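Undergrad: I am attaching a structure below and will ask some questions about it afterwards.
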Amino acid sequence: MSNDNQFELWEVFIQSKSGQPYVHAGSVHASDSAMAMQNARDTYTRRGAATSIWIAPSNCFKASNPENNDMLFEPANDKIYRHPTFYNMPEGATHI
Amino acid sequence: MNTKEALLNYILRLGDDALIIGHRLSEWCSRGPILEEDLALTNLSLDYIGRAQALLKYAAELKGNNYTEDDIAYRRPESLYYNHLIVETPNKDFAHTMVRQLFVSAFEFQFFDALQKSKDPQLAAISAKTLKEVKYHLAHATDWVIRLGDGSPESHDRMQKAVNQLWMFTGELFEMTEVDFQLLKEGITIDLVPIQIQWQELVADVLNKATLHQPTTSYMQSGGLHGKHTEHMGHILSEMQYLQRAYPDAKW
């Protein structure tokens, strides 16, 4: 149990519609995955708009270091040719 | 008593159960053991108050004379509330609240499952909607009763005390009055004898997993179905009805 006496921290991801990506909703405290699932349901789905929940212990996540942002992300900023915006779309194609 | 009068009394019983335990659970707001459980308890409370609204609205329709669900909820004297006594018992600690929830939700789970087949279409529809909520309430309460019963020596001790103190209020859940028997003949209500057997099995299983002992005492409190309440009821009503009594017809 952590020092704040509120159990371990879990990250919660909610899918709002079948087929949609899971979006990070926030975190909850819980002593195990079963309690985390109930707490996630009660904390983040009470106003509706959920079809599925993922939870994972917060300490399983590895975050990128902001100090490395110039190395990791900046080189991509001037490479607009990586965006698929240079193609002529066939007329009538609506789902591309 | 004609069918309509019997039905009104029965609907009030169901509505009052939901209203009073909903109020009790709302007393946890901002007092939960952790933030997440605070939200869970107020979610539970709102489920109950929503159910109370649906049922008391139906009761108001049966009463006629432009009665509304608010009149019924906030302007009756204590002796005209017909809820079971267990729903008015004080929250005390989290152990009491969760044991009460287990006892009530285990009953409601069997009860509303059966009442879905009521010949009264409105009662059947409310039961079907309620059952989904009750399934979660039961899962949540079961989870906590097992965790705390089979937890630390202190949590076990508090849970056992709560079980012992609340046990005498469980018998009333299966009490049938003349209203029940009258409506049973018409297929509107259900026989509570099989419900009691299912309840006993379910609760015994949870208590067993929670390493808690089931009390052997057979003395059971009753009176709620006839408007005779515990000393706690007046306090609940004085708080719940305060606004309507002090400022009749107050609007937001």
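Letters for chains follow the order of the structure tokens (A, B, ...), residue numbers begin at 1 for each chain, and ligand numbers begin at 1 in the order shown.
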Would you give me, as a list in words, the residues of chain A that come within 10 Å of chain B, using only C-alpha atoms?
TA: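 Result, ordered by chain then number: Asn5, Gln6, Phe7, Val28, His29, Ala30, Ala34, Met35, Ala36, Gln38, Asn39, Ala40, Arg41, Asp42, Thr43, Tyr44 and Arg46 of chain A.
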Undergrad: Using DSSP assignments from the backbone, pull out every residue in range 15-61 of chain A that falls under strand (DSSP E or B) and give it to me as a ChimeraX atom specification.
TA: /A:15,23-30,52-57
Undergrad: List every residue of chain A that DSSP, applied to the backbone, labels as alpha helix (DSSP H), and write the result as a list in words.
TA: Ser33, Ala34, Met35, Ala36, Met37, Gln38, Asn39, Ala40, Arg41, Asp42, Thr43, Tyr44, Asn69, Asp70, Met71 and Leu72 of chain A
Undergrad: Kindly give the distance, in Å, that separates CA of Pro84 in chain A and CA of Ile14 in chain A, rounded to a single decimal.
TA: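 According to the coordinates, CA of Pro84 in chain A and CA of Ile14 in chain A are separated by 28.9 Å.
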Undergrad: What lies within 10 Å of Asn59 in chain A using only C-alpha atoms, ignoring chain neighbours under 4 positions off, as a list in words?
TA: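 Neighbouring residues, sequence-local ones excluded: Glu8, Leu9, Trp10 and Glu11 of chain A.
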Undergrad: Output C-alpha atoms for every residue in that selection, as a CSV table (one decimal), in the first residue's frame.
TA:
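Produced file out_37.csv, reproduced below:
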chain,number,residue,atom,x,y,z
A,8,GLU,CA,-2.2,1.4,-5.5
A,9,LEU,CA,-2.7,3.6,-8.6
A,10,TRP,CA,-4.2,2.2,-11.8
A,11,GLU,CA,-4.6,3.8,-15.2
